[in-house]
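Participant: Sharing a structure below in structure tokens format, with a few things to ask.
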Amino acid sequence: MSADPGLTAAAPAAGGLRRSFSWRPRFGHLLALLAAVPMLALLALFIFLVLYAKPAMPIDGWHFLVRDTWNLGNLYADPVTVHGRQMLPGASYGILFLIVGTLASAALAVVFALPLAVLSALLLAELLKGIPAFLVSTLIELLAAVPSVVYGLWGYVFLIPFLDHHLYGFLEHRVGPWLPFFAGPRGSGYGLLTSAIVLAIMVVPLITATLRDGLAATPRELREAGRALGATGFESAWRVVLRGQRTVLFGATILALGRALGETMAVLMVSGNALNYLPHNIYAPISTMAAFIVSQLDSALQDPTGMALRALAEIALVLLVITVAVNLAARLLLQFYGRRK
Amino acid sequence: MKNTLSPSRFLRRTLIGVAAVAALGGAAAAQAAVQIQETGSSLLYPLFNLWVPDFAHTHPGVQISTASTGSGTGLSQSIAGLVQVGASDAYMSGAMMKQHPDMLNIPLAISSQMVNYNLPGLNGRHLKLSGPVLAGIYSGKITNWDDPQIRALNPGVALPNHVIIPVHRTDGSGDTFIFTQYLSFSTPWWNNKYAYGTSISWAPVQGGIGAEGNPGMVDAVKGNPYSVAYIGVSYKAQTEGAHLGEALLKNRAGNFVLPEVKTVKAAAAAMVPKTPADQRISLIYAPGKESYPIINYEYAVVKADQPNGQVAGELKTLLSWAVASTGGNAEKYMRQVNFVPLPANAAHQSLAQIAKIHG
């Protein structure tokens, strides 16, 4: 009976405190099993995606990753057989524009978020004391818990017209002549820069909250030592306290990057949903893998060969691999860094 | 281990509990109404929400739930037997029918689509547009409002020298399906290059916008002067509220018409005689002087073989009521969503299909 650990574990709770001793070995097994569940779930998800996406893989091969050729094909034509596989005429799957859109928006978001997050964490940990500090840090933690669709709606209703009217014109005419990527045309407010700004606002609280905890845990003696050497308050905070939290900052940044990579709703609402082209400047519409899966699902369901759904699974697989790789790389870097220290 | 709750006792208690819950559930099920679930098209959703309270009022034995999830979801969930009614703006393709021959595509009403634009100073005028010109705009071949091809259709109109912002749907959509059908049927090169579908591989037009859902289309046109978009007629109140322009479209006979009850009915009347028994037909680009070129049947996609006679019976009652001119096709429902009722002979065909539903 495979459910046995579950049953026996439930029993002591029902029966009171009279025993516990005889349960320990089994309890240990149960814990081990429970601890393995997340890992097994990730593995199962990976295997499922590979198996499910596999029939679609030979259609474009590696071109899936390096071409901008997403096309579900003619949904109302009779399927054709290519290499022994049924698919719709005209169907091809190339998602370079999604990979670029996902990585560019997430990377830009983190670049925008970092200075804000570091400064606000320093402000919270070093300058504010007592009730104001408590209020502001609570507020920031609450911001981290706001569902992303709320940011998306706000971005859609307020931020797009605001940025389009007030910021992008300035950037186009003042920064554009210096940095070609900022040159016009600036489109309609939906696009890479807007997505990155919305994502940045979403991840700032994540980094701030984590870093603030790290800063607050820094021993007082370090600060005092800094001041004793003649450093100003800011110098001591920047050079001594923040420096000690580089690992925390790095970890928090990677977490933020992971969130930005996988963000779906908010990006769907402000990205302009580009199809099959790369952003030619920073205002251009983009599309991300997560948002694209949502927007294409309904049409994919109409593909009688089912190949469109499998191609969407292929996108999910790429997204999974990228996010896991980012997190893994971060861990390895941290370990390497920790050892060197 | 004598202090523990023995496995057998535990098992017995569990079984008693399960039995009790099952008994309660069974009793509840015996009393409960027959459940009919609808999901799919966001254009049919408001209509179902007008229908359901009135139908439920006279049919207390049925409990109907509705959901707006998209036509593709409606089709696939109905095929899978997860819902009884899959609402769809598009009929099932021939290939899908071959795989699922027991599916019925039953028209419930007739919808149409507007082409709207936001041209400062010109929104009060009905500009004339044609399939080939719209194909040019959506493929990036026609990029400016004062392009000779647009000027030729609108002599005397002071068209602005400004880049056109074409807006298309990014989610899978029946509106994209019927709009691209209009382009395909009227413009051979569009058909060869892009064809039609609930989502197509749009050309990367400089400045073009992808929007989510009809509300997103309305917002995008409203917020972007010099844009053009295709919007389901159910959203007419919103496009009028935003003071958007509405185009006269060129029909097959070469006349320019607005989506009005008269022109939509004319197009439907021209197409009904051509409708096959399974009613899977495009009504786009209908012949006739007055016919509006972008109209479509709104479908209930239903499995002929229902799980039991009771569900099949209630489903037939519901759908028969829906297509009746004294029931769901009555003017008071249709007017609210800007749909047009089924012509009598189309309703007759729908009834013949509804009769095939069995338990």
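To be explicit about the labels: the chains of the structure tokens are called A, B, and onward in the order shown, and within each one the residues are counted from 1, while ligands get numbers from 1 in the order they are shown.
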For chain A, work out the contacting residues on chain B at 8 Å, counting only C-alpha atoms, and write them as a PyMOL selection string.
Facilitator: chain B and resi 1+3-5+70-73+75-76+92-96+99+170-173+195-204+207-212+223-224
Participant: Now that the selection is made, can you save its residues with C-alpha atoms as a compact mmCIF listing (two decimals), in the first residue's frame?
Facilitator:
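Contents of out.txt, freshly written:
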```txt
# COMPACT_ATOMS: atom_id res chain seq x y z
CA MET B 1 1.95 -0.36 18.54
CA ASN B 3 -1.78 2.48 21.32
CA THR B 4 -2.02 3.40 17.73
CA LEU B 5 -5.18 3.51 15.82
CA GLY B 70 -12.40 31.68 -26.52
CA SER B 71 -13.76 29.77 -29.50
CA GLY B 72 -10.87 27.28 -29.68
CA THR B 73 -11.44 26.31 -26.05
CA LEU B 75 -14.51 23.59 -29.63
CA SER B 76 -11.94 21.44 -27.85
CA MET B 92 -14.97 23.29 -37.26
CA SER B 93 -12.54 22.65 -40.10
CA GLY B 94 -13.02 19.71 -42.48
CA ALA B 95 -10.03 17.95 -40.96
CA MET B 96 -11.46 18.32 -37.45
CA GLN B 99 -11.59 13.22 -36.70
CA THR B 170 -3.01 38.51 -30.80
CA ASP B 171 -5.21 35.98 -29.04
CA GLY B 172 -6.89 33.31 -31.13
CA SER B 173 -10.12 34.90 -32.24
CA ALA B 195 -4.75 32.87 -45.81
CA TYR B 196 -7.22 32.92 -42.90
CA GLY B 197 -7.59 31.48 -39.43
CA THR B 198 -8.33 32.36 -35.81
CA SER B 199 -4.73 33.48 -35.62
CA ILE B 200 -2.46 34.02 -38.58
CA SER B 201 1.16 34.90 -39.08
CA TRP B 202 0.73 38.68 -39.31
CA ALA B 203 3.18 40.72 -41.33
CA PRO B 204 5.52 42.80 -39.16
CA GLY B 207 4.12 50.61 -35.71
CA GLY B 208 1.43 47.95 -35.85
CA ILE B 209 -0.15 46.86 -32.56
CA GLY B 210 -1.28 43.47 -31.31
CA ALA B 211 -4.22 43.72 -28.90
CA GLU B 212 -5.95 41.23 -26.61
CA GLY B 223 -5.47 55.50 -27.60
CA ASN B 224 -3.72 55.63 -30.96
```
Participant: Tell me which protein, DNA and RNA residues are within 9 Å of range 236-242 of chain B, counting only C-alpha atoms, leaving out same-chain ones fewer than 3 positions away, and put them as a PDB file with N, CA, C and O atoms, in the first residue's frame.
Facilitator:
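Output saved as result24.pdb:
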```
ATOM      1  N   MET B 114     -17.246  45.211 -37.572  1.00  0.00           N
ATOM      2  CA  MET B 114     -17.005  46.569 -38.061  1.00  0.00           C
ATOM      3  C   MET B 114     -15.515  46.744 -38.326  1.00  0.00           C
ATOM      4  O   MET B 114     -14.689  46.093 -37.695  1.00  0.00           O
ATOM      5  N   ASN B 116     -13.083  49.777 -37.780  1.00  0.00           N
ATOM      6  CA  ASN B 116     -13.090  51.091 -37.139  1.00  0.00           C
ATOM      7  C   ASN B 116     -11.735  51.767 -37.273  1.00  0.00           C
ATOM      8  O   ASN B 116     -10.723  51.106 -37.430  1.00  0.00           O
ATOM      9  N   PRO B 215     -12.170  44.232 -26.227  1.00  0.00           N
ATOM     10  CA  PRO B 215     -11.938  45.439 -25.412  1.00  0.00           C
ATOM     11  C   PRO B 215     -10.547  46.027 -25.656  1.00  0.00           C
ATOM     12  O   PRO B 215     -10.392  47.245 -25.728  1.00  0.00           O
ATOM     13  N   VAL B 218     -10.607  47.996 -28.919  1.00  0.00           N
ATOM     14  CA  VAL B 218     -11.243  49.310 -28.765  1.00  0.00           C
ATOM     15  C   VAL B 218     -10.266  50.280 -28.098  1.00  0.00           C
ATOM     16  O   VAL B 218     -10.060  51.405 -28.562  1.00  0.00           O
ATOM     17  N   ASP B 219      -9.607  49.809 -27.022  1.00  0.00           N
ATOM     18  CA  ASP B 219      -8.653  50.659 -26.308  1.00  0.00           C
ATOM     19  C   ASP B 219      -7.505  51.087 -27.205  1.00  0.00           C
ATOM     20  O   ASP B 219      -7.072  52.237 -27.172  1.00  0.00           O
ATOM     21  N   LYS B 222      -8.666  53.659 -29.672  1.00  0.00           N
ATOM     22  CA  LYS B 222      -8.977  54.894 -28.949  1.00  0.00           C
ATOM     23  C   LYS B 222      -7.687  55.634 -28.579  1.00  0.00           C
ATOM     24  O   LYS B 222      -7.584  56.843 -28.744  1.00  0.00           O
ATOM     25  N   ILE B 231     -13.428  45.046 -35.314  1.00  0.00           N
ATOM     26  CA  ILE B 231     -14.027  44.872 -33.990  1.00  0.00           C
ATOM     27  C   ILE B 231     -15.414  44.252 -34.124  1.00  0.00           C
ATOM     28  O   ILE B 231     -16.219  44.678 -34.968  1.00  0.00           O
ATOM     29  N   GLY B 232     -15.694  43.252 -33.315  1.00  0.00           N
ATOM     30  CA  GLY B 232     -16.994  42.577 -33.328  1.00  0.00           C
ATOM     31  C   GLY B 232     -18.120  43.572 -33.056  1.00  0.00           C
ATOM     32  O   GLY B 232     -17.977  44.485 -32.241  1.00  0.00           O
ATOM     33  N   VAL B 233     -19.245  43.387 -33.740  1.00  0.00           N
ATOM     34  CA  VAL B 233     -20.331  44.367 -33.676  1.00  0.00           C
ATOM     35  C   VAL B 233     -20.961  44.429 -32.276  1.00  0.00           C
ATOM     36  O   VAL B 233     -21.622  45.399 -31.926  1.00  0.00           O
ATOM     37  N   GLY B 245     -14.307  56.160 -35.912  1.00  0.00           N
ATOM     38  CA  GLY B 245     -14.921  56.112 -37.228  1.00  0.00           C
ATOM     39  C   GLY B 245     -15.291  54.686 -37.591  1.00  0.00           C
ATOM     40  O   GLY B 245     -14.688  53.733 -37.091  1.00  0.00           O
ATOM     41  N   GLU B 246     -16.320  54.529 -38.436  1.00  0.00           N
ATOM     42  CA  GLU B 246     -16.737  53.205 -38.866  1.00  0.00           C
ATOM     43  C   GLU B 246     -16.749  53.183 -40.392  1.00  0.00           C
ATOM     44  O   GLU B 246     -17.366  54.038 -41.024  1.00  0.00           O
ATOM     45  N   VAL B 337     -27.134  42.809 -28.279  1.00  0.00           N
ATOM     46  CA  VAL B 337     -25.756  42.447 -28.633  1.00  0.00           C
ATOM     47  C   VAL B 337     -25.457  42.774 -30.098  1.00  0.00           C
ATOM     48  O   VAL B 337     -24.413  42.389 -30.615  1.00  0.00           O
ATOM     49  N   ASN B 338     -26.397  43.485 -30.750  1.00  0.00           N
ATOM     50  CA  ASN B 338     -26.241  43.862 -32.164  1.00  0.00           C
ATOM     51  C   ASN B 338     -26.128  42.670 -33.108  1.00  0.00           C
ATOM     52  O   ASN B 338     -25.527  42.764 -34.165  1.00  0.00           O
TER      53      ASN B 338
END
```
Participant: Which residues, written as a ChimeraX atom specification, have at least one atom at most 12 Å from Ala56 in chain A, with only C-alpha atoms counted and residues fewer than 3 positions away on the same chain left out?
Facilitator: /A:49-53,59-62,64,72,82-88,91-94,305-315
Participant: Output the selection as a CSV table (one decimal), in the first residue's frame - N, CA, C and O atoms for each residue.
Facilitator:
```csv
chain,number,residue,atom,x,y,z
A,49,LEU,N,7.2,17.5,-20.7
A,49,LEU,CA,7.3,18.5,-21.8
A,49,LEU,C,8.2,17.9,-23.0
A,49,LEU,O,7.8,18.1,-24.1
A,50,VAL,N,9.2,17.2,-22.6
A,50,VAL,CA,10.1,16.7,-23.7
A,50,VAL,C,9.3,15.7,-24.5
A,50,VAL,O,9.2,15.7,-25.7
A,51,LEU,N,8.6,14.8,-23.8
A,51,LEU,CA,7.8,13.7,-24.5
A,51,LEU,C,6.7,14.4,-25.4
A,51,LEU,O,6.5,14.0,-26.5
A,52,TYR,N,6.0,15.4,-24.8
A,52,TYR,CA,4.9,15.9,-25.5
A,52,TYR,C,5.3,16.8,-26.6
A,52,TYR,O,4.7,16.8,-27.7
A,53,ALA,N,6.4,17.5,-26.5
A,53,ALA,CA,6.9,18.4,-27.6
A,53,ALA,C,7.7,17.6,-28.6
A,53,ALA,O,7.8,18.1,-29.7
A,59,ILE,N,10.1,19.2,-36.9
A,59,ILE,CA,9.6,20.1,-38.0
A,59,ILE,C,10.6,21.2,-38.3
A,59,ILE,O,10.8,21.5,-39.4
A,60,ASP,N,11.1,21.9,-37.2
A,60,ASP,CA,12.0,23.0,-37.5
A,60,ASP,C,13.4,22.7,-36.9
A,60,ASP,O,14.3,23.4,-37.2
A,61,GLY,N,13.5,21.6,-36.2
A,61,GLY,CA,14.9,21.3,-35.6
A,61,GLY,C,15.4,22.5,-34.8
A,61,GLY,O,14.7,23.1,-34.0
A,62,TRP,N,16.7,22.7,-35.0
A,62,TRP,CA,17.3,23.8,-34.2
A,62,TRP,C,16.8,25.2,-34.7
A,62,TRP,O,17.0,26.2,-34.1
A,64,PHE,N,14.0,26.1,-34.7
A,64,PHE,CA,13.1,26.6,-33.8
A,64,PHE,C,13.6,27.7,-32.9
A,64,PHE,O,12.9,28.6,-32.6
A,72,LEU,N,1.0,29.0,-37.4
A,72,LEU,CA,0.2,27.8,-37.1
A,72,LEU,C,-0.2,27.1,-38.3
A,72,LEU,O,-0.6,25.9,-38.3
A,82,VAL,N,4.2,15.3,-43.6
A,82,VAL,CA,5.6,15.6,-43.8
A,82,VAL,C,6.5,14.7,-42.9
A,82,VAL,O,6.3,14.7,-41.7
A,83,HIS,N,7.4,14.0,-43.5
A,83,HIS,CA,8.2,13.1,-42.7
A,83,HIS,C,7.4,12.2,-41.8
A,83,HIS,O,7.7,12.0,-40.7
A,84,GLY,N,6.3,11.7,-42.4
A,84,GLY,CA,5.5,10.7,-41.6
A,84,GLY,C,4.6,11.4,-40.5
A,84,GLY,O,4.0,10.7,-39.7
A,85,ARG,N,4.7,12.7,-40.5
A,85,ARG,CA,3.9,13.4,-39.4
A,85,ARG,C,2.8,14.2,-40.1
A,85,ARG,O,3.0,14.9,-41.1
A,86,GLN,N,1.6,14.2,-39.5
A,86,GLN,CA,0.5,15.0,-39.9
A,86,GLN,C,0.7,16.4,-39.4
A,86,GLN,O,0.9,16.7,-38.2
A,87,MET,N,0.7,17.4,-40.3
A,87,MET,CA,0.7,18.8,-39.9
A,87,MET,C,-0.1,19.7,-40.9
A,87,MET,O,-0.4,19.2,-42.0
A,88,LEU,N,-0.4,20.9,-40.5
A,88,LEU,CA,-1.1,21.8,-41.3
A,88,LEU,C,-0.2,22.4,-42.4
A,88,LEU,O,0.9,22.7,-42.1
A,91,ALA,N,2.5,25.4,-41.7
A,91,ALA,CA,2.9,25.4,-40.3
A,91,ALA,C,4.4,25.4,-40.2
A,91,ALA,O,5.1,24.6,-40.8
A,92,SER,N,4.9,26.4,-39.4
A,92,SER,CA,6.3,26.3,-39.0
A,92,SER,C,6.5,27.0,-37.7
A,92,SER,O,5.7,27.9,-37.3
A,93,TYR,N,7.5,26.6,-37.0
A,93,TYR,CA,7.6,27.1,-35.6
A,93,TYR,C,9.1,27.6,-35.4
A,93,TYR,O,10.0,26.8,-35.3
A,94,GLY,N,9.2,28.9,-35.3
A,94,GLY,CA,10.5,29.5,-35.0
A,94,GLY,C,10.3,30.6,-34.1
A,94,GLY,O,9.6,31.5,-34.3
A,305,THR,N,-4.3,18.5,-36.1
A,305,THR,CA,-3.2,17.6,-36.0
A,305,THR,C,-2.6,17.6,-34.6
A,305,THR,O,-1.7,16.8,-34.2
A,306,GLY,N,-2.9,18.6,-33.8
A,306,GLY,CA,-2.4,18.8,-32.5
A,306,GLY,C,-1.0,19.3,-32.4
A,306,GLY,O,-0.4,19.4,-31.4
A,307,MET,N,-0.4,19.5,-33.6
A,307,MET,CA,1.0,19.9,-33.6
A,307,MET,C,1.2,21.3,-33.0
A,307,MET,O,2.3,21.5,-32.4
A,308,ALA,N,0.3,22.2,-33.1
A,308,ALA,CA,0.4,23.5,-32.6
A,308,ALA,C,0.6,23.5,-31.1
A,308,ALA,O,1.4,24.2,-30.5
A,309,LEU,N,-0.2,22.6,-30.4
A,309,LEU,CA,-0.1,22.4,-29.0
A,309,LEU,C,1.3,21.9,-28.6
A,309,LEU,O,1.9,22.4,-27.6
A,310,ARG,N,1.8,21.0,-29.4
A,310,ARG,CA,3.1,20.4,-29.1
A,310,ARG,C,4.2,21.5,-29.2
A,310,ARG,O,5.1,21.5,-28.5
A,311,ALA,N,4.0,22.4,-30.2
A,311,ALA,CA,5.0,23.4,-30.4
A,311,ALA,C,4.9,24.4,-29.3
A,311,ALA,O,6.0,24.9,-28.8
A,312,LEU,N,3.7,24.6,-28.7
A,312,LEU,CA,3.6,25.5,-27.5
A,312,LEU,C,4.3,24.8,-26.3
A,312,LEU,O,5.0,25.5,-25.5
A,313,ALA,N,4.2,23.5,-26.2
A,313,ALA,CA,5.0,22.8,-25.2
A,313,ALA,C,6.5,22.9,-25.4
A,313,ALA,O,7.2,23.0,-24.4
A,314,GLU,N,6.9,23.0,-26.7
A,314,GLU,CA,8.3,23.2,-27.0
A,314,GLU,C,8.7,24.6,-26.4
A,314,GLU,O,9.8,24.7,-25.9
A,315,ILE,N,7.9,25.6,-26.6
A,315,ILE,CA,8.2,26.9,-26.0
A,315,ILE,C,8.3,26.8,-24.5
A,315,ILE,O,9.3,27.3,-23.9
```
Participant: Extract, using only C-alpha atoms, all DNA, RNA and protein residues at most 12 Å from Asn154 in chain B, discarding same-chain residues fewer than 3 positions from it, and format them as a PyMOL selection string.
Facilitator: chain B and resi 122+125-130+133+145-151+157-159+247-249+256
Participant: In Å, rounded to a single decimal, give me how far CA of Thr210 in chain A is from CA of Val110 in chain A.
Facilitator: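 Separation between CA of Val110 in chain A and CA of Thr210 in chain A: 14.7 Å.
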Participant: With distances taken over only C-alpha atoms, which residue among B:Pro273, B:Val311, B:Ser139, B:Ser291 lies nearest Ala33 in chain B?
Facilitator: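 Between B:Pro273, B:Val311, B:Ser139, B:Ser291, the residue approaching Ala33 in chain B most closely is B:Val311.
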Participant: Go ahead and compute the interatomic distance for CA of Leu192 in chain A and CA of Gly101 in chain A, in Å to one decimal.
Facilitator: 7.4 Å
Participant: For Asn118 in chain B, which residue out of B:Tyr226, B:Phe339, B:Tyr333, B:Phe185 is the nearest one, using only C-alpha atoms?
Facilitator: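 Using only C-alpha atoms, Asn118 in chain B sits closest to B:Tyr226.
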Participant: Between B:Trp321, B:Glu331, B:Ile357, B:Ile106, single out the one closest to Val52 in chain B, counting only C-alpha atoms.
Facilitator: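 With only C-alpha atoms as the atom set, the closest residue is B:Trp321.
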Participant: Write out as a VMD selection string all residues of range 79-288 of chain A that backbone DSSP assigns to helix (DSSP H, G or I).
Facilitator: chain A and resid 96 to 127 130 to 144 148 to 175 180 to 182 192 to 216 220 to 228 233 to 244 246 to 262 265 to 270
Participant: When you draw a straight line from CA of Val264 in chain B to CA of Gly124 in chain B, how long is it in Å?
Facilitator: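 So the two atoms, CA of Val264 in chain B and CA of Gly124 in chain B, lie 21.9 Å apart.
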Participant: Skip range 286-290 of chain B itself and residues of its chain fewer than 2 positions away, then list as a ChimeraX atom specification all residues within 7 Å of it, counting only C-alpha atoms.
Facilitator: /B:252-253,255,257,263,266-267,270-271,283-284,292-293
Participant: With C-alpha atoms retained, export the selected residues as an mmCIF file, in the first residue's frame.
Facilitator:
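Saved to again20.cif:
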```cif
data_model
loop_
_atom_site.group_PDB
_atom_site.id
_atom_site.type_symbol
_atom_site.label_atom_id
_atom_site.label_comp_id
_atom_site.auth_asym_id
_atom_site.auth_seq_id
_atom_site.Cartn_x
_atom_site.Cartn_y
_atom_site.Cartn_z
ATOM 1 C CA ARG B 252 -18.742 41.586 -53.736
ATOM 2 C CA ALA B 253 -21.149 43.597 -55.915
ATOM 3 C CA ASN B 255 -21.059 48.696 -53.324
ATOM 4 C CA VAL B 257 -22.060 49.300 -47.072
ATOM 5 C CA THR B 263 -27.250 44.883 -44.931
ATOM 6 C CA ALA B 266 -29.348 40.897 -47.049
ATOM 7 C CA ALA B 267 -26.033 39.047 -46.845
ATOM 8 C CA ALA B 270 -27.995 35.507 -50.032
ATOM 9 C CA MET B 271 -25.978 32.831 -48.241
ATOM 10 C CA LEU B 283 -20.974 33.870 -44.902
ATOM 11 C CA ILE B 284 -18.140 36.230 -45.764
ATOM 12 C CA TYR B 292 -22.489 43.533 -45.862
ATOM 13 C CA PRO B 293 -19.286 41.554 -46.530
#
```
